[in-house]
>>> print(open('input.pdb').read())   # PDB, C-alpha atoms, pLDDT in the B column
ATOM      1  CA  MET A   1     209.371 205.417 181.933  1.00 52.00           C
ATOM      2  CA  ASN A   2     212.099 202.767 181.947  1.00 62.00           C
ATOM      3  CA  ASN A   3     215.038 203.295 179.588  1.00 69.00           C
ATOM      4  CA  PRO A   4     213.357 206.018 177.571  1.00 85.00           C
ATOM      5  CA  THR A   5     214.656 207.322 174.291  1.00 89.00           C
ATOM      6  CA  ILE A   6     214.600 210.958 173.247  1.00 92.00           C
ATOM      7  CA  ALA A   7     211.728 209.986 170.927  1.00 92.00           C
ATOM      8  CA  ASP A   8     209.818 208.511 173.896  1.00 93.00           C
ATOM      9  CA  ILE A   9     210.256 211.691 175.940  1.00 94.00           C
ATOM     10  CA  PHE A  10     209.123 213.919 173.060  1.00 95.00           C
ATOM     11  CA  ALA A  11     206.113 211.647 172.425  1.00 96.00           C
ATOM     12  CA  ASN A  12     205.129 211.691 176.109  1.00 95.00           C
ATOM     13  CA  ASN A  13     205.468 215.471 176.294  1.00 96.00           C
ATOM     14  CA  ASN A  14     203.368 215.904 173.145  1.00 96.00           C
ATOM     15  CA  ASN A  15     200.697 213.542 174.478  1.00 97.00           C
ATOM     16  CA  ILE A  16     200.385 215.487 177.725  1.00 96.00           C
ATOM     17  CA  HIS A  17     200.333 218.791 175.827  1.00 96.00           C
ATOM     18  CA  GLU A  18     197.478 217.579 173.624  1.00 96.00           C
ATOM     19  CA  LYS A  19     195.497 216.467 176.699  1.00 96.00           C
ATOM     20  CA  LEU A  20     196.024 219.905 178.216  1.00 97.00           C
ATOM     21  CA  LYS A  21     194.879 221.646 175.029  1.00 96.00           C
ATOM     22  CA  THR A  22     191.806 219.389 174.830  1.00 95.00           C
ATOM     23  CA  THR A  23     190.872 220.206 178.434  1.00 94.00           C
ATOM     24  CA  LEU A  24     191.377 223.929 177.884  1.00 95.00           C
ATOM     25  CA  GLY A  25     189.534 223.936 174.563  1.00 92.00           C
ATOM     26  CA  SER A  26     186.142 223.483 176.184  1.00 87.00           C
ATOM     27  CA  LEU A  27     186.475 226.185 178.851  1.00 92.00           C
ATOM     28  CA  THR A  28     184.294 229.246 179.043  1.00 89.00           C
ATOM     29  CA  ALA A  29     185.817 232.650 179.838  1.00 88.00           C
ATOM     30  CA  GLU A  30     184.124 232.467 183.222  1.00 91.00           C
ATOM     31  CA  GLN A  31     185.722 229.109 184.042  1.00 92.00           C
ATOM     32  CA  ALA A  32     189.136 230.316 182.883  1.00 92.00           C
ATOM     33  CA  SER A  33     188.988 233.361 185.162  1.00 92.00           C
ATOM     34  CA  SER A  34     187.217 231.814 188.163  1.00 92.00           C
ATOM     35  CA  LEU A  35     189.171 231.708 191.413  1.00 91.00           C
ATOM     36  CA  PRO A  36     187.672 229.190 193.842  1.00 89.00           C
ATOM     37  CA  GLU A  37     188.121 229.814 197.542  1.00 88.00           C
ATOM     38  CA  GLY A  38     191.483 228.652 198.852  1.00 86.00           C
ATOM     39  CA  GLU A  39     193.169 228.844 195.432  1.00 89.00           C
ATOM     40  CA  LYS A  40     195.883 231.318 194.399  1.00 92.00           C
ATOM     41  CA  TRP A  41     195.640 231.173 190.607  1.00 94.00           C
ATOM     42  CA  THR A  42     192.901 230.931 188.016  1.00 94.00           C
ATOM     43  CA  ILE A  43     193.122 228.400 185.206  1.00 96.00           C
ATOM     44  CA  SER A  44     194.190 231.182 182.882  1.00 96.00           C
ATOM     45  CA  GLN A  45     197.017 232.103 185.265  1.00 96.00           C
ATOM     46  CA  ILE A  46     198.133 228.470 185.560  1.00 96.00           C
ATOM     47  CA  VAL A  47     198.412 228.235 181.776  1.00 97.00           C
ATOM     48  CA  GLU A  48     200.373 231.497 181.657  1.00 96.00           C
ATOM     49  CA  HIS A  49     202.691 230.070 184.335  1.00 96.00           C
ATOM     50  CA  LEU A  50     203.196 226.967 182.173  1.00 97.00           C
ATOM     51  CA  SER A  51     204.137 229.125 179.194  1.00 96.00           C
ATOM     52  CA  LEU A  52     206.698 231.047 181.266  1.00 96.00           C
ATOM     53  CA  VAL A  53     208.240 227.913 182.756  1.00 96.00           C
ATOM     54  CA  GLU A  54     208.432 226.116 179.419  1.00 96.00           C
ATOM     55  CA  GLU A  55     210.126 229.099 177.809  1.00 95.00           C
ATOM     56  CA  ASN A  56     212.806 228.921 180.499  1.00 96.00           C
ATOM     57  CA  MET A  57     213.083 225.132 180.156  1.00 96.00           C
ATOM     58  CA  SER A  58     213.656 225.348 176.401  1.00 96.00           C
ATOM     59  CA  LYS A  59     216.366 227.981 176.949  1.00 96.00           C
ATOM     60  CA  ILE A  60     218.060 225.827 179.599  1.00 97.00           C
ATOM     61  CA  CYS A  61     217.979 222.778 177.321  1.00 96.00           C
ATOM     62  CA  SER A  62     219.511 224.827 174.495  1.00 95.00           C
ATOM     63  CA  LYS A  63     222.267 226.120 176.739  1.00 95.00           C
ATOM     64  CA  LEU A  64     223.135 222.645 178.047  1.00 95.00           C
ATOM     65  CA  LEU A  65     223.053 221.082 174.592  1.00 94.00           C
ATOM     66  CA  LEU A  66     225.278 223.780 173.113  1.00 92.00           C
ATOM     67  CA  LYS A  67     227.736 223.094 175.933  1.00 92.00           C
ATOM     68  CA  ALA A  68     227.673 219.363 175.125  1.00 91.00           C
ATOM     69  CA  GLN A  69     228.092 220.147 171.435  1.00 90.00           C
ATOM     70  CA  SER A  70     231.038 222.501 172.025  1.00 88.00           C
ATOM     71  CA  GLY A  71     232.666 219.846 174.191  1.00 84.00           C
ATOM     72  CA  GLU A  72     232.105 217.371 171.369  1.00 81.00           C
ATOM     73  CA  LYS A  73     230.369 214.969 173.740  1.00 77.00           C
ATOM     74  CA  SER A  74     228.760 212.621 171.228  1.00 84.00           C
ATOM     75  CA  SER A  75     225.832 210.520 172.362  1.00 84.00           C
ATOM     76  CA  ASP A  76     225.994 206.764 172.468  1.00 77.00           C
ATOM     77  CA  GLY A  77     222.184 206.798 172.287  1.00 72.00           C
ATOM     78  CA  THR A  78     221.752 206.224 176.014  1.00 75.00           C
ATOM     79  CA  VAL A  79     219.345 208.431 177.892  1.00 86.00           C
ATOM     80  CA  ARG A  80     219.870 208.461 181.631  1.00 87.00           C
ATOM     81  CA  ILE A  81     217.325 209.728 184.091  1.00 91.00           C
ATOM     82  CA  SER A  82     219.028 209.743 187.469  1.00 90.00           C
ATOM     83  CA  PRO A  83     217.398 207.896 190.376  1.00 90.00           C
ATOM     84  CA  ALA A  84     217.704 211.125 192.412  1.00 91.00           C
ATOM     85  CA  PHE A  85     215.666 213.004 189.775  1.00 91.00           C
ATOM     86  CA  VAL A  86     212.982 210.304 189.728  1.00 90.00           C
ATOM     87  CA  GLU A  87     212.810 210.219 193.531  1.00 91.00           C
ATOM     88  CA  LYS A  88     212.668 214.000 193.989  1.00 91.00           C
ATOM     89  CA  ALA A  89     210.161 214.415 191.158  1.00 89.00           C
ATOM     90  CA  ALA A  90     207.882 211.829 192.789  1.00 88.00           C
ATOM     91  CA  GLU A  91     208.196 213.608 196.145  1.00 87.00           C
ATOM     92  CA  ILE A  92     207.246 217.019 194.803  1.00 86.00           C
ATOM     93  CA  ALA A  93     204.442 215.641 192.622  1.00 81.00           C
ATOM     94  CA  ALA A  94     202.363 215.065 195.730  1.00 78.00           C
ATOM     95  CA  ILE A  95     202.884 218.427 197.432  1.00 82.00           C
ATOM     96  CA  LYS A  96     201.963 222.007 196.676  1.00 83.00           C
ATOM     97  CA  LEU A  97     204.937 224.189 195.780  1.00 82.00           C
ATOM     98  CA  GLU A  98     205.419 227.933 195.627  1.00 84.00           C
ATOM     99  CA  ALA A  99     206.643 228.935 192.179  1.00 85.00           C
ATOM    100  CA  PRO A 100     209.610 231.298 191.991  1.00 79.00           C
ATOM    101  CA  ASP A 101     208.610 234.918 191.330  1.00 86.00           C
ATOM    102  CA  ILE A 102     210.127 234.859 187.844  1.00 86.00           C
ATOM    103  CA  VAL A 103     207.433 232.428 186.685  1.00 89.00           C
ATOM    104  CA  HIS A 104     204.444 233.959 188.472  1.00 91.00           C
ATOM    105  CA  PRO A 105     201.718 234.869 185.994  1.00 91.00           C
ATOM    106  CA  SER A 106     200.978 238.518 185.318  1.00 90.00           C
ATOM    107  CA  ALA A 107     197.336 237.715 184.545  1.00 84.00           C
ATOM    108  CA  SER A 108     197.740 239.663 181.317  1.00 85.00           C
ATOM    109  CA  LEU A 109     197.612 236.730 178.867  1.00 89.00           C
ATOM    110  CA  SER A 110     194.576 234.842 177.704  1.00 91.00           C
ATOM    111  CA  ILE A 111     194.638 231.062 177.580  1.00 94.00           C
ATOM    112  CA  ALA A 112     194.934 231.253 173.779  1.00 93.00           C
ATOM    113  CA  GLU A 113     197.965 233.558 174.051  1.00 95.00           C
ATOM    114  CA  SER A 114     199.607 231.291 176.630  1.00 95.00           C
ATOM    115  CA  ILE A 115     198.956 228.194 174.517  1.00 95.00           C
ATOM    116  CA  SER A 116     200.476 229.996 171.540  1.00 95.00           C
ATOM    117  CA  LYS A 117     203.600 230.726 173.602  1.00 95.00           C
ATOM    118  CA  MET A 118     203.722 227.084 174.699  1.00 95.00           C
ATOM    119  CA  ASP A 119     203.456 225.951 171.085  1.00 95.00           C
ATOM    120  CA  GLU A 120     206.372 228.258 170.189  1.00 95.00           C
ATOM    121  CA  ASN A 121     208.407 226.708 173.014  1.00 95.00           C
ATOM    122  CA  ARG A 122     207.587 223.257 171.603  1.00 94.00           C
ATOM    123  CA  LYS A 123     208.853 224.368 168.204  1.00 96.00           C
ATOM    124  CA  ARG A 124     212.126 225.493 169.823  1.00 95.00           C
ATOM    125  CA  LEU A 125     212.492 222.110 171.493  1.00 96.00           C
ATOM    126  CA  ASP A 126     211.732 220.363 168.192  1.00 96.00           C
ATOM    127  CA  GLN A 127     214.448 222.451 166.527  1.00 96.00           C
ATOM    128  CA  ILE A 128     217.060 221.300 169.064  1.00 94.00           C
ATOM    129  CA  ARG A 129     215.866 217.690 169.089  1.00 94.00           C
ATOM    130  CA  PRO A 130     218.751 216.644 166.788  1.00 94.00           C
ATOM    131  CA  LEU A 131     221.182 217.919 169.434  1.00 92.00           C
ATOM    132  CA  PHE A 132     219.495 215.748 172.078  1.00 93.00           C
ATOM    133  CA  GLU A 133     220.014 212.781 169.780  1.00 91.00           C
ATOM    134  CA  ALA A 134     223.575 213.596 168.645  1.00 92.00           C
ATOM    135  CA  TYR A 135     225.224 214.760 171.866  1.00 90.00           C
ATOM    136  CA  ASP A 136     225.517 213.347 175.359  1.00 87.00           C
ATOM    137  CA  CYS A 137     223.054 215.512 177.241  1.00 84.00           C
ATOM    138  CA  ASN A 138     223.380 213.587 180.490  1.00 85.00           C
ATOM    139  CA  GLU A 139     226.478 215.162 182.004  1.00 83.00           C
ATOM    140  CA  ASP A 140     226.098 218.944 181.969  1.00 90.00           C
ATOM    141  CA  LYS A 141     223.627 220.170 184.585  1.00 95.00           C
ATOM    142  CA  PHE A 142     221.625 223.270 185.472  1.00 96.00           C
ATOM    143  CA  PRO A 143     219.965 223.796 188.880  1.00 95.00           C
ATOM    144  CA  HIS A 144     216.213 223.465 189.338  1.00 93.00           C
ATOM    145  CA  PRO A 145     214.793 225.245 192.426  1.00 89.00           C
ATOM    146  CA  PHE A 146     213.302 222.038 193.866  1.00 89.00           C
ATOM    147  CA  LEU A 147     215.114 219.192 192.098  1.00 92.00           C
ATOM    148  CA  GLY A 148     218.703 220.410 192.297  1.00 93.00           C
ATOM    149  CA  ASP A 149     221.166 220.019 189.432  1.00 95.00           C
ATOM    150  CA  ILE A 150     219.543 218.230 186.506  1.00 96.00           C
ATOM    151  CA  SER A 151     220.611 217.388 182.950  1.00 95.00           C
ATOM    152  CA  ALA A 152     219.124 218.571 179.652  1.00 95.00           C
ATOM    153  CA  VAL A 153     217.311 215.262 179.209  1.00 95.00           C
ATOM    154  CA  GLU A 154     215.860 215.597 182.725  1.00 96.00           C
ATOM    155  CA  TRP A 155     214.757 219.166 181.918  1.00 96.00           C
ATOM    156  CA  LEU A 156     213.121 217.804 178.751  1.00 96.00           C
ATOM    157  CA  THR A 157     211.363 215.113 180.795  1.00 95.00           C
ATOM    158  CA  LEU A 158     210.252 217.782 183.243  1.00 95.00           C
ATOM    159  CA  VAL A 159     208.426 219.698 180.492  1.00 96.00           C
ATOM    160  CA  GLY A 160     205.811 216.942 180.337  1.00 95.00           C
ATOM    161  CA  GLY A 161     205.874 216.251 184.067  1.00 93.00           C
ATOM    162  CA  HIS A 162     205.251 219.900 184.895  1.00 93.00           C
ATOM    163  CA  GLU A 163     202.393 220.105 182.400  1.00 95.00           C
ATOM    164  CA  ALA A 164     200.860 216.899 183.789  1.00 94.00           C
ATOM    165  CA  ARG A 165     201.061 218.300 187.315  1.00 93.00           C
ATOM    166  CA  HIS A 166     199.220 221.454 186.300  1.00 94.00           C
ATOM    167  CA  LEU A 167     196.718 219.539 184.168  1.00 96.00           C
ATOM    168  CA  ARG A 168     195.705 217.683 187.360  1.00 93.00           C
ATOM    169  CA  GLN A 169     195.475 221.032 189.143  1.00 93.00           C
ATOM    170  CA  ILE A 170     193.273 222.449 186.368  1.00 95.00           C
ATOM    171  CA  LYS A 171     190.966 219.415 186.529  1.00 94.00           C
ATOM    172  CA  ASN A 172     190.687 219.862 190.316  1.00 91.00           C
ATOM    173  CA  LEU A 173     189.817 223.539 189.827  1.00 93.00           C
ATOM    174  CA  LEU A 174     187.161 222.578 187.298  1.00 92.00           C
ATOM    175  CA  GLU A 175     185.607 220.241 189.870  1.00 92.00           C
ATOM    176  CA  LYS A 176     185.525 223.104 192.388  1.00 90.00           C
ATOM    177  CA  ILE A 177     184.012 225.432 189.805  1.00 89.00           C
ATOM    178  CA  GLY A 178     181.392 222.810 189.016  1.00 80.00           C
ATOM    179  CA  LYS A 179     182.138 221.949 185.402  1.00 63.00           C
TER     180      LYS A 179
END
>>> encode(input="input.pdb", output="structure tokens")
Amino acid sequence: MNNPTIADIFANNNNIHEKLKTTLGSLTAEQASSLPEGEKWTISQIVEHLSLVEENMSKICSKLLLKAQSGEKSSDGTVRISPAFVEKAAEIAAIKLEAPDIVHPSASLSIAESISKMDENRKRLDQIRPLFEAYDCNEDKFPHPFLGDISAVEWLTLVGGHEARHLRQIKNLLEKIGK
């Protein structure tokens, strides 16, 4: 995504989220809870993981944007995605990562419950969208366990990237299950 706008990032994230929901909408309970050999998480657990991660991402974005707002760092409309973020994100997209314990699924939520939590996280991001547009969200950073210090706009971009990564994983699991 070259020279994206906040609107572009939100649109991309929403597009990926809809694709995920479409894929999950046709699953049976058996497919959602199936654990193919060599896999650590079921599809249901992956979706719960997504809901946990996105809740944290929305909180991080809020925190960074409030910092930009309190520092009166007005936006000039420019959205910067650092080359380091793009490079590191591309590197980790192709490898399997171990999620931090805080975002491991408990296996206590259904896919519908996890999707509901994800939709609530989307609403929170929509509520702070005006802050993304009004304040410079490129300077203040918060550390990501694999990507290092990243900005609010990079965290926002990561919402869709993380969902896309796990959508590919879900589709691979479905192939193993035989859907």
>>> residues_near_point(input="input.pdb", point="(202.2, 228.6, 181.6)", cutoff="10 Å", atoms="all atoms listed in the file", output="PyMOL selection string")
chain A and resi 43-55+103-105+109+111+113-115+117-118+162-163+166
>>> closest_residue(input="input.pdb", among="A:Ala94, A:Ile128, A:Ile102, A:Cys137", to="Gly71 in chain A", atoms="all atoms listed in the file")
A:Cys137
>>> closest_residue(input="input.pdb", among="A:Ala99, A:Leu64, A:Ala112, A:Ala164", to="Tyr135 in chain A", atoms="all atoms listed in the file")
A:Leu64
>>> resolve_selection(input="input.pdb", expression="the PyMOL selection byres ((chain A and resi 93) around 12)", output="MDAnalysis selection string")
chainID A and resid 85:92 94:97 146:147 158 161:166 168:169
>>> resolve_selection(input="input.pdb", expression="the PyMOL selection byres ((chain A and resi 17) around 10)", output="PDB file with C-alpha atoms, in the coordinates of the input")
ATOM      1  CA  ALA A  11     206.113 211.647 172.425  1.00 96.00           C
ATOM      2  CA  ASN A  12     205.129 211.691 176.109  1.00 95.00           C
ATOM      3  CA  ASN A  13     205.468 215.471 176.294  1.00 96.00           C
ATOM      4  CA  ASN A  14     203.368 215.904 173.145  1.00 96.00           C
ATOM      5  CA  ASN A  15     200.697 213.542 174.478  1.00 97.00           C
ATOM      6  CA  ILE A  16     200.385 215.487 177.725  1.00 96.00           C
ATOM      7  CA  GLU A  18     197.478 217.579 173.624  1.00 96.00           C
ATOM      8  CA  LYS A  19     195.497 216.467 176.699  1.00 96.00           C
ATOM      9  CA  LEU A  20     196.024 219.905 178.216  1.00 97.00           C
ATOM     10  CA  LYS A  21     194.879 221.646 175.029  1.00 96.00           C
ATOM     11  CA  THR A  22     191.806 219.389 174.830  1.00 95.00           C
ATOM     12  CA  THR A  23     190.872 220.206 178.434  1.00 94.00           C
ATOM     13  CA  ILE A 115     198.956 228.194 174.517  1.00 95.00           C
ATOM     14  CA  MET A 118     203.722 227.084 174.699  1.00 95.00           C
ATOM     15  CA  ASP A 119     203.456 225.951 171.085  1.00 95.00           C
ATOM     16  CA  ARG A 122     207.587 223.257 171.603  1.00 94.00           C
ATOM     17  CA  VAL A 159     208.426 219.698 180.492  1.00 96.00           C
ATOM     18  CA  GLY A 160     205.811 216.942 180.337  1.00 95.00           C
ATOM     19  CA  GLU A 163     202.393 220.105 182.400  1.00 95.00           C
ATOM     20  CA  ALA A 164     200.860 216.899 183.789  1.00 94.00           C
ATOM     21  CA  LEU A 167     196.718 219.539 184.168  1.00 96.00           C
TER      22      LEU A 167
END
>>> closest_residue(input="input.pdb", among="A:Asp149, A:Glu39, A:Glu139, A:Asp101", to="Arg80 in chain A", atoms="all atoms listed in the file")
A:Glu139
>>> atom_distance(input="input.pdb", atom1="CA of Met57 in chain A", atom2="CA of Asp8 in chain A")
18.1 Å
>>> atom_distance(input="input.pdb", atom1="CA of Asp76 in chain A", atom2="CA of Glu133 in chain A")
8.9 Å
>>> closest_residue(input="input.pdb", among="A:Thr5, A:Thr78, A:Gln31, A:Asn121", to="Lys171 in chain A", atoms="all atoms listed in the file")
A:Gln31
